[in-house]
Structures are given as C-alpha cells and as structure tokens.
Amino acid sequence: MSLVLGLDSSTQSLSAVILDTEAGIVLADHSVNFGDDLPHYNQSHGYDDSGSRGEVSSNPLMWLEALDLLLVQMSGEEIDFSKIEAVSGSGQQHGSVYLKSCFGEKLAGLSAKKDLKDQLAGCLARDRSPIWMDSSTTSECAEIAEAVGGNEIVCAKSGSFATERFTGPQIRKFAKESPAGYAETGVIHLVSSFFASIFAGRNVPIDYGDGAGMNLMNLAAKDWDADLVNATADGLAEKLPPCAPSNSSSGRISNYFVRRYGFSPTCETIIWSGDNPCSLIGMGASTPGKVVISLGTSDTLFAAMPEPKTDPNGFGHVFGNPAGGYMSLICFKNGSLAREAIKEQYGLGWEAFETKALSETPAGNRGLMMLPFYEPEITPAIDTGGPVFSANHEYSSGEAVRAVLESQFLNMRAHSNWLGVSPNRIYITGGASENDGIAQVIANVFGVAVDRLDVPGSATIGAGMRAAHGIGENLADLESKFSQPQEGRRLEPEPAACDVYNLALPKFKAFLAEQSAS
Ligand code: ADP
Ligand code: XUL
C-alpha cells in the first residue's frame, strides 16, 4: 500500500485527502473552513475585501492556524500519518506572503510543542497577503508593461499581459507603498511555496505551474526574467525563491510534523503548485484534449497545451503544466460569487436554485440577460459597479437564476475562442459542479456533453497525485485510477437549447460591448 497526502489551501478553506495509490482509493477527506472554523479572524469567506481600491487580502496566520487545526482534527479521527510516503499541495494562485530573512532559520528549528502560528508570526514582514481577488494594481501593471516595452512583450515573456492579481504587480505596489516593509522582506513566497516550505522545514522553490502566474517568470527559459524582475521592484531578484519543475522533491518532512503529528521521518515532501495546475492533474487532463471548467469561488476554464499560445486580447494566461509543457487558463472572477448573490437575494437554497434554472424558464430566458459582475470582472476586465440587467423589468427568481447562469457561460464561450479548441466533452469540477442545473446550462451553451469526476476536490486530489508522481509513480496510471467520470451523471446537450444559445451569443456580445463602452 502506498499512501500520499494532498492538501489544498484555497480561498475559503484548507482541505486534505489521503490517497491509496495502489488501490486507487481516497482513504480520507477533511477540510477546515476559514470563515466557519476560525471566526476570530473575521474573514467569513477567507478574505478581507474592505479595502477601498479593490484590495483583497487574507491573514497568513489564519492559514497557519488552519493547518494545525486540520492535522489535529485528522489525528482525532485516528488517521495514522506514519504511513504517508509523500506530501504535496495546491494553493490558490497569485497570492503572496512576505517574510523576513529569519523565516528559513525559524522553519528549521520549529518546536513541536508550539503552534505554527505562534512560532512564525514574528517572521512576517507584512501582516496581509494580497490574494487573487485583488484588483488594485492597475497603475503598477501599466508601469511594468511600459518599462519592458509594452504588454505584448510582457505576454511573450511571461504568458500573460501584466495582470492586476498577479504577484509581480502586487509586489510592486507593496514596494512603492511600504518601502520599509519591502526592505525588511527577505523572501517572497506564493501561497503554494509558503506551505511547501513549512512542510520541508526550509525555503523551497516555486514550481513552473504557479510561478507562471506572477508576470515574473520567463515561460521559455522557465526561470525568472531579468527584465520583468527589474521592472517590478528594486532588489527583487534576491527575494525570490528559485523556480523548479513541479515534481521536484524538497527533501524529508520537517521534524515538526514528525514529532507533533507522527509523520515518518522518511516522508518525502514534493513542492506545491497552484490550484488550477493541480486541478488539471486531478481531472486527468494533463495531456492535451480535455477541457476543464472549475466552478469554485471564481470560475476557470483550462486545458493542457502542446505549445504555449497566448490570448491576443490579454485575458487568458499560459501556465506551466505540472506534468510538463503548458496549460491555458481563463479566470472569471464572478463565478460562485455571482451565483451566491442571486441565491441570497431571492432567498433560495441550492436545490431551489437548481430547479428554477431548469424548469421555470425556457432556454434563452425570453431574451432577458444580465452582466453578473458584482465585483470588478477579470474576463473581460470591466467594472460595472454591480450587476447590470438587460431589461427594465422585475426579474422573477427563475428569470434571475437563468440570467446569471446563461450570461456566465455565454461570457465564458465568448472569451475562450482564442484557444482554438473544440472539445467534444467538458469536464467540470469545484463546489458548484454538483449542481445539475448549472451543468446542463454549460452543456447547452457549449453544445457538448458534460462529465463530472468520481472524486471530490480535483485540486486536492491532483495535489495527492503530484505527491505520488514526485516519488516516482506514473502519472498516467494515477489518472486512470483517480480521474474517472462518474457513471450515469453525464449531461448531454439539448439540441433545441443549443440552437437558442448559438443565436444568443452575438446578442450577449453586443450587450457586453454596449456596457463596456458606456
Ligand atoms: P474554492 O476552491 O474557490 O474555495 P470550491 O470549489 O470549494 O471553492 O467551491 C465553493 C463554492 O461552491 C461556494 O462558494 C458555493 O457558492 C458553491 N457551491 C457549493 N455547493 C453548491 C451547489 N449545490 N450549487 C451551486 N454552487 C454550490
Ligand atoms: C487563476 C485565479 C484563481 C485562483 C483562485 O488565475 O486567479 O482561479 O487560483 O482559485
């Protein structure tokens, strides 16, 4: 029996699975919800968005407390960590943690008698970690692009235009606004490499998957790009951990986990990656051909790519594929955020939300559309100051549910064209993928069948599979064991509805263009 541990530090929760890779089964599945389980941080969804200029951040101490809490809870369930052979993880992408130079030394000497949070609090050079929802760095993006000769160059080098939520522009903003804090910073980690360092007991590299979401890594060279680094902030080269392939080992697990939780001292740690790259693995989509839509806090659409191909409009991204090569990703910020807003506004549960979408209204919603941009949207980059409805009409709850879903997936279809792929099936994952109403709208808007996998949390499972891959297991074998579609849950496209959406697409685009211009 070969057991591995996969973790996922996402926007709202920290989750863990234990995989038996020989048998192909998930032995344990645990989660700590930041808002519910750690209410003293006052971050009901895992972040603080009270900043006035689009700043969104999380408290890194909350993440550390969540890690100890999760492992305590798992120990309480009599999980025996001593049999785990390897650990890896997944982190929400782009978020950054600013640490003093003492961080590495402190990690090496952690006491198993004290909590991580109490021992590491003194190492933080910044008490906040900006996360992917932050949209406050428009001027920093423009400055970086100008310094290297334009966004086309930033994109050719890094795989993306200079992008507000990406780590480089966030670092630049911190360096400009808090020069003393920036000077005190010895190392800047991503959420993924921060957690990976804690498990390894030392500063570890950033993997190519997550490193590509920083506007700092040169995609072709798979290393920090001197022009981008210099354009971002003075002295940044010394503060970045090295880049490394996603299956790199970072050595044996730190003594902290051996003494406190009973891990074996021979347990290997594999560096972490971003949640979307991990999800690519967990969905069994590491080779080109499968398109995945992840319906989490944000919605993302991604696929493995044989060669890096960039989005001429600047909304899509190219990241490293943890299995080697590249992946594309398009992120829609108002995913579950918008669906939840409609659910709350009309006082619905998810079940009612699902039924209404399916039964009370026809496909096309009799022309009633909306732009569901409760928060400034990433794809396309637009701030409508809240949702915009196409008709001056009081939307019933059924009409509102259908409007939010149809507009979200028409928007996704309109903005994924550049990939040039016509999938014959879409694989969905994330918290909202359980919802048949949502899945059916996706099948109809894209005109292809939609499948779900047999496992919960593709990023967490993908992290576990990456741990096994890191100690030499074959990724294709792991995918054949863990990434199988659920039997009997495929949703086929309904031809009449597909026709309606083919006609609705240009109308949606025109509505969007009209609002973008105003
Ligand atoms: P993240 O990884 O970004 O933290 P998850 O993939 O865990 O997010 O998804 C969480 C989201 O899933 C919640 O914010 C919630 O809105 C949504 N969700 C959960 N259950 C359902 C459901 N039955 N129908 C629609 N959405 C759901
Ligand atoms: C991807 C993105 C989000 C985060 C949060 O670019 O910003 O999907 O990874 O999950």
# chains A, B, ... in the order shown; residues from 1 in each chain; ligands from 1

call {"tool": "residues_around", "arguments": {"residues": "Thr355 in chain A", "least_positions_apart": "4", "cutoff": "12 Å", "atoms": "only C-alpha atoms", "output": "ChimeraX atom specification"}}
result
/A:348-351,359-361,397-399,401-402,435-438,440

call {"tool": "residues_around", "arguments": {"residues": "Lys222 in chain A", "least_positions_apart": "6", "cutoff": "9 Å", "atoms": "only C-alpha atoms", "output": "count of residues only"}}
result
7

call {"tool": "residues_around", "arguments": {"residues": "range 300-312 of chain A", "least_positions_apart": "2", "cutoff": "7 Å", "atoms": "only C-alpha atoms", "output": "count of residues only"}}
result
27

call {"tool": "closest_residue", "arguments": {"among": "A:Leu38, A:Val17, A:Ala517, A:Ile25", "to": "Gln484 in chain A", "atoms": "only C-alpha atoms"}}
result
A:Ile25

call {"tool": "closest_residue", "arguments": {"among": "A:Ile461, A:Met283, A:Ile131, A:Val191", "to": "Gln486 in chain A", "atoms": "only C-alpha atoms"}}
result
A:Met283

call {"tool": "residues_around", "arguments": {"residues": "range 368-384 of chain A", "least_positions_apart": "2", "cutoff": "7 Å", "atoms": "only C-alpha atoms", "output": "list in words"}}
result
Phe315, Cys331, Phe332, Lys333, Asn334, Ala338, Asn365, Arg366, Gly386, Pro387, Val388, Phe389, Ser390, Ala391, Ala403, Val404, Ser407 and Ser516 of chain A

call {"tool": "closest_atom_pairs", "arguments": {"of": "chain A", "to": "ligand 1", "cutoff": "8 Å", "atoms": "only C-alpha atoms and all ligand atoms", "output": "Markdown table"}}
result
| residue | atom | partner | partner_atom_place_in_ligand_line | distance |
| --- | --- | --- | --- | --- |
| A:Ser10 | CA | ligand 1 | 4 (O) | 4.8 |
| A:Thr11 | CA | ligand 1 | 4 (O) | 4.5 |
| A:Gln12 | CA | ligand 1 | 4 (O) | 4.3 |
| A:Ser13 | CA | ligand 1 | 4 (O) | 5.7 |
| A:Gln92 | CA | ligand 1 | 2 (O) | 7.7 |
| A:Asp275 | CA | ligand 1 | 2 (O) | 8.0 |
| A:Ser294 | CA | ligand 1 | 6 (O) | 7.3 |
| A:Leu295 | CA | ligand 1 | 6 (O) | 6.0 |
| A:Gly296 | CA | ligand 1 | 6 (O) | 3.4 |
| A:Thr297 | CA | ligand 1 | 3 (O) | 3.7 |
| A:Ser298 | CA | ligand 1 | 3 (O) | 6.0 |
| A:Ser336 | CA | ligand 1 | 16 (O) | 4.4 |
| A:Leu337 | CA | ligand 1 | 16 (O) | 6.5 |
| A:Arg339 | CA | ligand 1 | 16 (O) | 6.7 |
| A:Glu340 | CA | ligand 1 | 16 (O) | 5.4 |
| A:Trp350 | CA | ligand 1 | 23 (N) | 4.9 |
| A:Glu351 | CA | ligand 1 | 23 (N) | 6.8 |
| A:Phe353 | CA | ligand 1 | 24 (N) | 7.6 |
| A:Glu354 | CA | ligand 1 | 24 (N) | 7.2 |
| A:Thr429 | CA | ligand 1 | 6 (O) | 7.3 |
| A:Gly430 | CA | ligand 1 | 6 (O) | 3.5 |
| A:Gly431 | CA | ligand 1 | 9 (O) | 3.3 |
| A:Ala432 | CA | ligand 1 | 26 (N) | 3.4 |
| A:Ser433 | CA | ligand 1 | 25 (C) | 6.8 |
| A:Glu434 | CA | ligand 1 | 23 (N) | 5.6 |
| A:Asn435 | CA | ligand 1 | 24 (N) | 4.6 |
| A:Ile438 | CA | ligand 1 | 25 (C) | 7.4 |
| A:Gly457 | CA | ligand 1 | 6 (O) | 6.9 |

call {"tool": "select_by_dssp", "arguments": {"residues": "range 142-346 of chain A", "states": "strand (DSSP E or B)", "output": "PyMOL selection string"}}
result
chain A and resi 187-190+206-207+217-218+223-224+243-244+249-252+268-270+273-274+291-295+299-305+317-320+326-332

call {"tool": "closest_residue", "arguments": {"among": "A:Arg172, A:Lys83, A:Lys113, A:His189", "to": "Val97 in chain A", "atoms": "only C-alpha atoms"}}
result
A:His189

call {"tool": "residues_around", "arguments": {"residues": "Gly472 in chain A", "least_positions_apart": "6", "cutoff": "12 Å", "atoms": "only C-alpha atoms", "output": "list in words"}}
result
Ser2, Thr21, Glu85, Ala86, Asn247, Ser248, Ser249, Glu268, Ile270, Met465, Arg466 and Leu478 of chain A

call {"tool": "closest_residue", "arguments": {"among": "A:Ala221, A:Val87, A:Cys102, A:Leu67", "to": "Ala121 in chain A", "atoms": "only C-alpha atoms"}}
result
A:Cys102

call {"tool": "atom_distance", "arguments": {"atom1": "CA of Pro362 in chain A", "atom2": "CA of Phe409 in chain A"}}
result
15.9 Å

call {"tool": "residues_around", "arguments": {"residues": "Phe199 in chain A", "least_positions_apart": "2", "cutoff": "6 Å", "atoms": "only C-alpha atoms", "output": "MDAnalysis selection string"}}
result
chainID A and resid 196:197 201 253:254

call {"tool": "write_last_selection", "arguments": {"atoms": "all heavy atoms", "output": "mmCIF file, in the first residue's frame"}}
result
data_model
loop_
_atom_site.group_PDB
_atom_site.id
_atom_site.type_symbol
_atom_site.label_atom_id
_atom_site.label_comp_id
_atom_site.auth_asym_id
_atom_site.auth_seq_id
_atom_site.Cartn_x
_atom_site.Cartn_y
_atom_site.Cartn_z
ATOM 1 N N ALA A 196 4.600 24.806 1.232
ATOM 2 C CA ALA A 196 5.585 23.763 0.917
ATOM 3 C C ALA A 196 6.836 23.947 1.779
ATOM 4 O O ALA A 196 7.440 22.972 2.235
ATOM 5 C CB ALA A 196 5.947 23.827 -0.563
ATOM 6 N N SER A 197 7.217 25.196 2.039
ATOM 7 C CA SER A 197 8.396 25.477 2.859
ATOM 8 C C SER A 197 8.161 25.003 4.290
ATOM 9 O O SER A 197 9.072 24.483 4.946
ATOM 10 C CB SER A 197 8.696 26.981 2.868
ATOM 11 O OG SER A 197 8.973 27.419 1.562
ATOM 12 N N GLY A 201 10.486 22.410 6.087
ATOM 13 C CA GLY A 201 11.347 22.957 7.136
ATOM 14 C C GLY A 201 12.448 23.852 6.594
ATOM 15 O O GLY A 201 13.469 24.073 7.240
ATOM 16 N N ILE A 253 10.340 15.376 5.335
ATOM 17 C CA ILE A 253 9.411 16.265 6.042
ATOM 18 C C ILE A 253 10.073 16.843 7.304
ATOM 19 O O ILE A 253 10.922 16.180 7.939
ATOM 20 C CB ILE A 253 8.108 15.495 6.384
ATOM 21 C CG1 ILE A 253 6.979 16.454 6.740
ATOM 22 C CG2 ILE A 253 8.335 14.476 7.513
ATOM 23 C CD1 ILE A 253 5.590 15.786 6.730
ATOM 24 N N SER A 254 9.681 18.058 7.641
ATOM 25 C CA SER A 254 10.240 18.737 8.820
ATOM 26 C C SER A 254 9.925 17.947 10.101
ATOM 27 O O SER A 254 8.852 17.350 10.232
ATOM 28 C CB SER A 254 9.615 20.132 8.894
ATOM 29 O OG SER A 254 9.534 20.587 10.209
#

call {"tool": "atom_distance", "arguments": {"atom1": "CA of Ile79 in chain A", "atom2": "CA of Gly24 in chain A"}}
result
18.1 Å

call {"tool": "closest_residue", "arguments": {"among": "A:Leu124, A:Ala463, A:Met74, A:Leu410", "to": "Phe103 in chain A", "atoms": "only C-alpha atoms"}}
result
A:Leu124
